[in-house]
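A.B. asks: mmCIF, C-alpha atoms, file work01.cif:
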```
data_upload
#
loop_
_atom_site.group_PDB
_atom_site.id
_atom_site.type_symbol
_atom_site.label_atom_id
_atom_site.label_comp_id
_atom_site.auth_asym_id
_atom_site.auth_seq_id
_atom_site.Cartn_x
_atom_site.Cartn_y
_atom_site.Cartn_z
ATOM 1 C CA MET A 15 -10.942 -21.835 -6.289
ATOM 2 C CA THR A 16 -11.198 -19.738 -3.117
ATOM 3 C CA PHE A 17 -8.825 -20.696 -0.295
ATOM 4 C CA LYS A 18 -10.591 -22.289 2.682
ATOM 5 C CA LEU A 19 -8.979 -22.264 6.097
ATOM 6 C CA TYR A 20 -8.450 -25.729 7.556
ATOM 7 C CA ALA A 21 -6.525 -27.487 10.315
ATOM 8 C CA PRO A 22 -4.075 -30.027 8.847
ATOM 9 C CA THR A 23 -2.555 -32.794 10.955
ATOM 10 C CA LEU A 24 0.989 -31.730 11.846
ATOM 11 C CA GLU A 25 3.485 -34.171 13.388
ATOM 12 C CA GLY A 26 6.534 -33.377 15.479
ATOM 13 C CA ALA A 27 8.781 -35.501 17.675
ATOM 14 C CA ARG A 28 6.642 -34.991 20.773
ATOM 15 C CA VAL A 29 3.634 -33.050 19.516
ATOM 16 C CA ARG A 30 0.864 -33.954 17.120
ATOM 17 C CA LEU A 31 -1.581 -31.246 16.134
ATOM 18 C CA GLU A 32 -4.813 -32.671 14.781
ATOM 19 C CA PRO A 33 -8.174 -31.118 13.879
ATOM 20 C CA LEU A 34 -10.165 -30.455 17.054
ATOM 21 C CA ASP A 35 -13.101 -32.811 17.515
ATOM 22 C CA ARG A 36 -15.646 -33.575 20.213
ATOM 23 C CA ARG A 37 -13.841 -36.864 20.863
ATOM 24 C CA HIS A 38 -11.085 -34.805 22.504
ATOM 25 C CA ALA A 39 -13.461 -33.575 25.220
ATOM 26 C CA PRO A 40 -12.594 -36.145 27.947
ATOM 27 C CA ASP A 41 -8.842 -35.514 27.659
ATOM 28 C CA LEU A 42 -9.282 -31.733 27.564
ATOM 29 C CA ALA A 43 -11.513 -31.835 30.641
ATOM 30 C CA VAL A 44 -8.636 -33.477 32.525
ATOM 31 C CA ALA A 45 -5.962 -31.220 31.007
ATOM 32 C CA ALA A 46 -7.823 -28.030 31.900
ATOM 33 C CA GLU A 47 -7.823 -28.909 35.613
ATOM 34 C CA VAL A 48 -4.183 -29.981 36.023
ATOM 35 C CA ASP A 49 -2.943 -26.589 37.256
ATOM 36 C CA ARG A 50 -4.872 -23.413 36.506
ATOM 37 C CA GLY A 51 -2.322 -21.019 37.954
ATOM 38 C CA SER A 52 -1.224 -19.678 34.550
ATOM 39 C CA TYR A 53 -4.715 -18.967 33.190
ATOM 40 C CA ALA A 54 -5.360 -15.534 34.706
ATOM 41 C CA PHE A 55 -5.837 -13.855 31.312
ATOM 42 C CA THR A 56 -6.620 -16.853 29.075
ATOM 43 C CA MET A 57 -9.901 -18.464 28.045
ATOM 44 C CA VAL A 58 -9.594 -22.020 29.376
ATOM 45 C CA PRO A 59 -12.778 -23.954 30.182
ATOM 46 C CA ARG A 60 -13.387 -25.751 33.438
ATOM 47 C CA ALA A 61 -13.884 -29.498 33.088
ATOM 48 C CA ASP A 62 -17.668 -29.166 33.039
ATOM 49 C CA GLU A 63 -17.469 -26.394 30.411
ATOM 50 C CA VAL A 64 -15.460 -28.303 27.805
ATOM 51 C CA GLU A 65 -18.440 -29.507 25.746
ATOM 52 C CA PRO A 66 -19.958 -26.040 25.159
ATOM 53 C CA TYR A 67 -16.425 -24.657 24.662
ATOM 54 C CA LEU A 68 -15.857 -27.154 21.844
ATOM 55 C CA ASP A 69 -19.265 -26.302 20.381
ATOM 56 C CA ARG A 70 -18.257 -22.621 20.209
ATOM 57 C CA LEU A 71 -14.902 -23.295 18.554
ATOM 58 C CA LEU A 72 -16.389 -25.719 16.032
ATOM 59 C CA ALA A 73 -19.149 -23.224 15.202
ATOM 60 C CA MET A 74 -16.469 -20.592 14.582
ATOM 61 C CA ALA A 75 -14.583 -23.081 12.414
ATOM 62 C CA ALA A 76 -17.693 -23.527 10.278
ATOM 63 C CA THR A 77 -17.555 -19.814 9.392
ATOM 64 C CA GLY A 78 -14.023 -20.137 7.970
ATOM 65 C CA ARG A 79 -12.474 -17.717 10.488
ATOM 66 C CA LEU A 80 -10.945 -20.363 12.779
ATOM 67 C CA ALA A 81 -9.111 -23.672 12.304
ATOM 68 C CA PRO A 82 -8.753 -25.266 15.763
ATOM 69 C CA PHE A 83 -6.380 -28.070 16.744
ATOM 70 C CA ALA A 84 -6.140 -30.470 19.647
ATOM 71 C CA GLN A 85 -2.555 -30.543 20.926
ATOM 72 C CA ILE A 86 -1.664 -34.196 21.428
ATOM 73 C CA ASP A 87 1.201 -35.465 23.577
ATOM 74 C CA ARG A 88 2.528 -38.285 21.400
ATOM 75 C CA SER A 89 4.084 -40.067 24.400
ATOM 76 C CA THR A 90 0.648 -40.624 25.939
ATOM 77 C CA GLY A 91 -1.752 -40.082 23.040
ATOM 78 C CA ARG A 92 -3.794 -37.653 25.137
ATOM 79 C CA ALA A 93 -4.985 -34.195 24.210
ATOM 80 C CA VAL A 94 -3.287 -31.676 26.500
ATOM 81 C CA GLY A 95 -4.466 -28.381 25.042
ATOM 82 C CA VAL A 96 -5.877 -26.424 22.128
ATOM 83 C CA THR A 97 -4.462 -24.003 19.569
ATOM 84 C CA SER A 98 -5.765 -22.493 16.334
ATOM 85 C CA TYR A 99 -5.142 -20.702 13.117
ATOM 86 C CA TRP A 100 -7.354 -17.647 13.243
ATOM 87 C CA GLU A 101 -8.412 -14.579 11.220
ATOM 88 C CA PRO A 102 -7.142 -15.398 7.706
ATOM 89 C CA ARG A 103 -6.453 -12.321 5.589
ATOM 90 C CA PHE A 104 -6.434 -12.099 1.807
ATOM 91 C CA TRP A 105 -4.775 -8.933 0.557
ATOM 92 C CA LEU A 106 -4.153 -9.848 -3.088
ATOM 93 C CA ASP A 107 -7.029 -12.127 -4.063
ATOM 94 C CA GLU A 108 -9.335 -14.764 -2.581
ATOM 95 C CA ASP A 109 -7.016 -17.602 -3.641
ATOM 96 C CA THR A 110 -3.926 -16.216 -1.893
ATOM 97 C CA LEU A 111 -3.737 -16.383 1.888
ATOM 98 C CA SER A 112 -1.581 -13.421 2.871
ATOM 99 C CA ALA A 113 -1.548 -13.557 6.678
ATOM 100 C CA ILE A 114 -2.834 -15.631 9.571
ATOM 101 C CA GLU A 115 -2.936 -15.421 13.361
ATOM 102 C CA VAL A 116 -2.026 -18.214 15.781
ATOM 103 C CA GLY A 117 -4.214 -17.995 18.847
ATOM 104 C CA PHE A 118 -6.871 -19.535 21.116
ATOM 105 C CA THR A 119 -3.960 -21.414 22.690
ATOM 106 C CA TRP A 120 -3.702 -23.137 26.052
ATOM 107 C CA LEU A 121 -1.804 -26.088 27.493
ATOM 108 C CA ALA A 122 -2.178 -28.254 30.571
ATOM 109 C CA GLY A 123 0.040 -27.135 33.430
ATOM 110 C CA ASP A 124 2.118 -30.319 33.398
ATOM 111 C CA VAL A 125 3.409 -29.762 29.838
ATOM 112 C CA GLN A 126 4.098 -26.046 30.121
ATOM 113 C CA GLY A 127 7.808 -25.225 30.095
ATOM 114 C CA THR A 128 8.756 -28.619 28.636
ATOM 115 C CA GLY A 129 9.374 -27.620 25.008
ATOM 116 C CA PHE A 130 5.887 -28.731 23.986
ATOM 117 C CA ASN A 131 4.791 -25.198 23.104
ATOM 118 C CA THR A 132 8.024 -24.540 21.207
ATOM 119 C CA GLU A 133 7.500 -27.550 18.952
ATOM 120 C CA SER A 134 3.833 -26.721 18.480
ATOM 121 C CA LYS A 135 4.731 -23.204 17.324
ATOM 122 C CA LEU A 136 7.422 -24.614 15.011
ATOM 123 C CA LEU A 137 4.783 -26.799 13.338
ATOM 124 C CA LEU A 138 2.193 -24.027 13.048
ATOM 125 C CA PHE A 139 4.584 -21.376 11.776
ATOM 126 C CA GLY A 140 6.245 -23.817 9.389
ATOM 127 C CA HIS A 141 2.992 -24.838 7.750
ATOM 128 C CA ALA A 142 1.831 -21.229 7.440
ATOM 129 C CA PHE A 143 5.060 -19.961 5.852
ATOM 130 C CA GLU A 144 6.166 -23.020 3.868
ATOM 131 C CA GLU A 145 2.876 -24.515 2.669
ATOM 132 C CA TRP A 146 0.481 -21.564 2.618
ATOM 133 C CA LYS A 147 3.231 -19.057 1.748
ATOM 134 C CA VAL A 148 1.889 -16.344 4.041
ATOM 135 C CA VAL A 149 3.910 -13.155 4.439
ATOM 136 C CA ARG A 150 3.002 -12.673 8.096
ATOM 137 C CA VAL A 151 1.930 -14.603 11.215
ATOM 138 C CA ASP A 152 0.369 -12.668 14.113
ATOM 139 C CA LEU A 153 0.173 -13.512 17.802
ATOM 140 C CA LYS A 154 -1.774 -11.472 20.377
ATOM 141 C CA THR A 155 -2.244 -11.630 24.120
ATOM 142 C CA ASP A 156 -3.713 -9.565 26.921
ATOM 143 C CA ALA A 157 -1.275 -6.673 27.382
ATOM 144 C CA ARG A 158 -1.160 -7.442 31.133
ATOM 145 C CA ASN A 159 -0.117 -11.054 30.561
ATOM 146 C CA GLN A 160 3.639 -10.757 31.055
ATOM 147 C CA ARG A 161 4.142 -14.535 31.041
ATOM 148 C CA SER A 162 2.470 -14.923 27.654
ATOM 149 C CA ARG A 163 4.268 -11.900 26.227
ATOM 150 C CA ALA A 164 7.624 -13.330 27.301
ATOM 151 C CA ALA A 165 6.804 -16.723 25.753
ATOM 152 C CA ILE A 166 5.774 -15.136 22.441
ATOM 153 C CA ALA A 167 8.943 -13.046 22.316
ATOM 154 C CA LYS A 168 11.009 -16.124 23.177
ATOM 155 C CA ALA A 169 9.457 -17.892 20.190
ATOM 156 C CA GLY A 170 11.029 -15.257 17.965
ATOM 157 C CA ALA A 171 8.100 -12.912 17.325
ATOM 158 C CA THR A 172 8.584 -9.138 17.237
ATOM 159 C CA PHE A 173 6.524 -6.909 19.530
ATOM 160 C CA GLU A 174 4.681 -4.280 17.486
ATOM 161 C CA GLY A 175 2.665 -2.432 20.095
ATOM 162 C CA VAL A 176 -0.507 -2.441 22.165
ATOM 163 C CA LEU A 177 -3.948 -2.260 20.549
ATOM 164 C CA ARG A 178 -6.255 -0.516 23.012
ATOM 165 C CA ASN A 179 -9.704 -1.976 23.739
ATOM 166 C CA TRP A 180 -8.963 -4.516 21.006
ATOM 167 C CA SER A 181 -11.125 -7.411 22.175
ATOM 168 C CA ARG A 182 -13.177 -8.733 25.048
ATOM 169 C CA SER A 183 -11.352 -9.628 28.229
ATOM 170 C CA TRP A 184 -11.082 -13.288 29.223
ATOM 171 C CA ALA A 185 -9.808 -12.519 32.717
ATOM 172 C CA PRO A 186 -11.988 -13.918 35.522
ATOM 173 C CA GLY A 187 -14.454 -11.347 36.832
ATOM 174 C CA GLU A 188 -14.141 -9.147 33.734
ATOM 175 C CA ASP A 189 -17.183 -10.290 31.754
ATOM 176 C CA GLY A 190 -18.434 -7.481 29.564
ATOM 177 C CA ARG A 191 -15.149 -5.597 29.707
ATOM 178 C CA TYR A 192 -12.534 -5.011 27.021
ATOM 179 C CA ARG A 193 -8.828 -5.676 27.071
ATOM 180 C CA ASP A 194 -5.772 -4.052 25.551
ATOM 181 C CA SER A 195 -3.930 -6.551 23.347
ATOM 182 C CA ALA A 196 -0.164 -6.771 22.838
ATOM 183 C CA ILE A 197 0.486 -7.720 19.214
ATOM 184 C CA PHE A 198 3.515 -9.580 17.877
ATOM 185 C CA SER A 199 4.404 -10.816 14.405
ATOM 186 C CA ILE A 200 6.807 -12.890 12.348
ATOM 187 C CA THR A 201 7.287 -12.092 8.657
ATOM 188 C CA ASP A 202 8.255 -14.436 5.863
ATOM 189 C CA ALA A 203 11.692 -12.793 5.630
ATOM 190 C CA GLU A 204 12.270 -13.501 9.337
ATOM 191 C CA TRP A 205 10.991 -17.084 9.271
ATOM 192 C CA PRO A 206 14.313 -18.867 8.438
ATOM 193 C CA GLN A 207 16.023 -17.230 11.417
ATOM 194 C CA VAL A 208 13.051 -17.869 13.698
ATOM 195 C CA ARG A 209 12.910 -21.508 12.539
ATOM 196 C CA ALA A 210 16.613 -21.980 13.312
ATOM 197 C CA ARG A 211 16.106 -20.427 16.747
ATOM 198 C CA LEU A 212 13.177 -22.710 17.572
ATOM 199 C CA LEU A 213 15.110 -25.788 16.413
ATOM 200 C CA GLU A 214 18.064 -24.748 18.573
ATOM 201 C CA ARG A 215 15.794 -24.426 21.605
ATOM 202 C CA LEU A 216 14.340 -27.876 20.965
ATOM 203 C CA GLY A 217 17.848 -29.289 20.555
ATOM 204 C CA ARG A 218 18.746 -28.161 24.056
#
```
So, in terms of structure tokens, how does the structure I just supplied come out?
C.D. replies:
Amino acid sequence: MTFKLYAPTLEGARVRLEPLDRRHAPDLAVAAEVDRGSYAFTMVPRADEVEPYLDRLLAMAATGRLAPFAQIDRSTGRAVGVTSYWEPRFWLDEDTLSAIEVGFTWLAGDVQGTGFNTESKLLLFGHAFEEWKVVRVDLKTDARNQRSRAAIAKAGATFEGVLRNWSRSWAPGEDGRYRDSAIFSITDAEWPQVRARLLERLGR
């Protein structure tokens, strides 16, 4: 049976990741407008763009290339952002997922810097390495996005280089232009150390 990418429900102490659905639209419309100061290089819809944004992600999910999640704050029950598994790769056979990317991620301004992202990454990486047995998880960001690059490195990923003209730019005013992407990775051999590091950060 060929592996099919999906978004499982993943539970942490503060975070619940659940399959993205149109019912999350009202919460995400609020979350996207809390504080947009950190979104200079990230695709985050305005409140009135959330419905078509969800349509695009769910259409991509139907192709098997994307598995999007709503990021739920368990203390309030509200959706405060989105993240995804993305670009599954099968290097041995169609039944063996070899590598996956974590991307299409954003969080409301009021939960950034609170440990929410750390726990979310712990859940996503853990499922990929421990359940799907991947050998590699990728993360990419606009090469100019120093804040995102620092956060990815802090999560324990290794910087591998910059891929030039790798994808379209999501920066405001750059429609139709390309961006250079900074690529990071975690391998299966590194996962136990990265897991311990993330748990230590959450423990603080």
A.B. asks: Of the candidates A:Asp49, A:Glu65, A:Asp189, A:Glu133, which one gets nearest to A:Val29 if we count all atoms listed in the file?
C.D. replies: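 The closest residue to A:Val29 is A:Glu133.
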A.B. asks: Tell me which of A:Ser89, A:Thr201, A:Ser162, A:Asn179 sits closest to A:Phe130, counting all atoms listed in the file.
C.D. replies: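 Of A:Ser89, A:Thr201, A:Ser162, A:Asn179, the one nearest A:Phe130, counting all atoms listed in the file, is A:Ser89.
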A.B. asks: On this file, the PyMOL selection byres ((chain A and resi 28) around 7) gives some set of residues; write that set as a list of chain:residue names.
C.D. replies: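 Output from the PyMOL selection byres ((chain A and resi 28) around 7), applied to this file: A:Gly26, A:Ala27, A:Val29, A:Arg30, A:Asp87, A:Arg88, A:Ser89.
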A.B. asks: Taking the file as shown, what set of residues would the PyMOL selection byres ((chain A and resi 153-158) around 8) give back, as a VMD selection string?
C.D. replies: chain A and resid 55 115 to 117 151 to 152 159 to 160 162 to 163 166 171 176 183 193 to 199
A.B. asks: With all atoms listed in the file as the atoms that count, which of A:Ala185, A:Ala93, A:Leu72, A:Ala122 lies nearest to A:Met57?
C.D. replies: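 Once distances to A:Met57 are computed over all atoms listed in the file, the minimum belongs to A:Ala185.
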A.B. asks: I'd like the residues picked by the PyMOL selection byres ((chain A and resi 77-81) around 8) written out as a list in words, using the chain letters and numbers from the file.
C.D. replies: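 Selected by the PyMOL selection byres ((chain A and resi 77-81) around 8) in this file: Lys18, Leu19, Tyr20, Ala21, Pro33, Leu71, Ala73, Met74, Ala75, Ala76, Pro82, Phe83, Ser98, Tyr99, Trp100, Glu101 and Pro102 of chain A.
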A.B. asks: Please list as a list in words every residue within 9 Å of A:Trp120, counting only C-alpha atoms and excluding residues in the same chain fewer than 2 positions away.
C.D. replies: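 These residues fall inside the cut-off: Ala46, Tyr53, Thr56, Met57, Val58, Val94, Gly95, Val96, Thr97, Gly117, Phe118 and Ala122 of chain A.
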A.B. asks: Can I get the selected residues back with C-alpha atoms, as a compact mmCIF listing (two decimals), in the frame of the given file?
C.D. replies:
```
# COMPACT_ATOMS: atom_id res chain seq x y z
CA ALA A 46 -7.82 -28.03 31.90
CA TYR A 53 -4.72 -18.97 33.19
CA THR A 56 -6.62 -16.85 29.08
CA MET A 57 -9.90 -18.46 28.04
CA VAL A 58 -9.59 -22.02 29.38
CA VAL A 94 -3.29 -31.68 26.50
CA GLY A 95 -4.47 -28.38 25.04
CA VAL A 96 -5.88 -26.42 22.13
CA THR A 97 -4.46 -24.00 19.57
CA GLY A 117 -4.21 -18.00 18.85
CA PHE A 118 -6.87 -19.54 21.12
CA ALA A 122 -2.18 -28.25 30.57
```
A.B. asks: If you measure from atom CA of A:Glu63 to atom CA of A:Ile114, what distance in Å do you get, rounded to one decimal?
C.D. replies: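 These two atoms are separated by 27.6 Å.
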A.B. asks: Please report the interatomic distance between atom CA of A:Arg37 and atom CA of A:Thr128 in Å with one decimal.
C.D. replies: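 So the answer is 25.3 Å.
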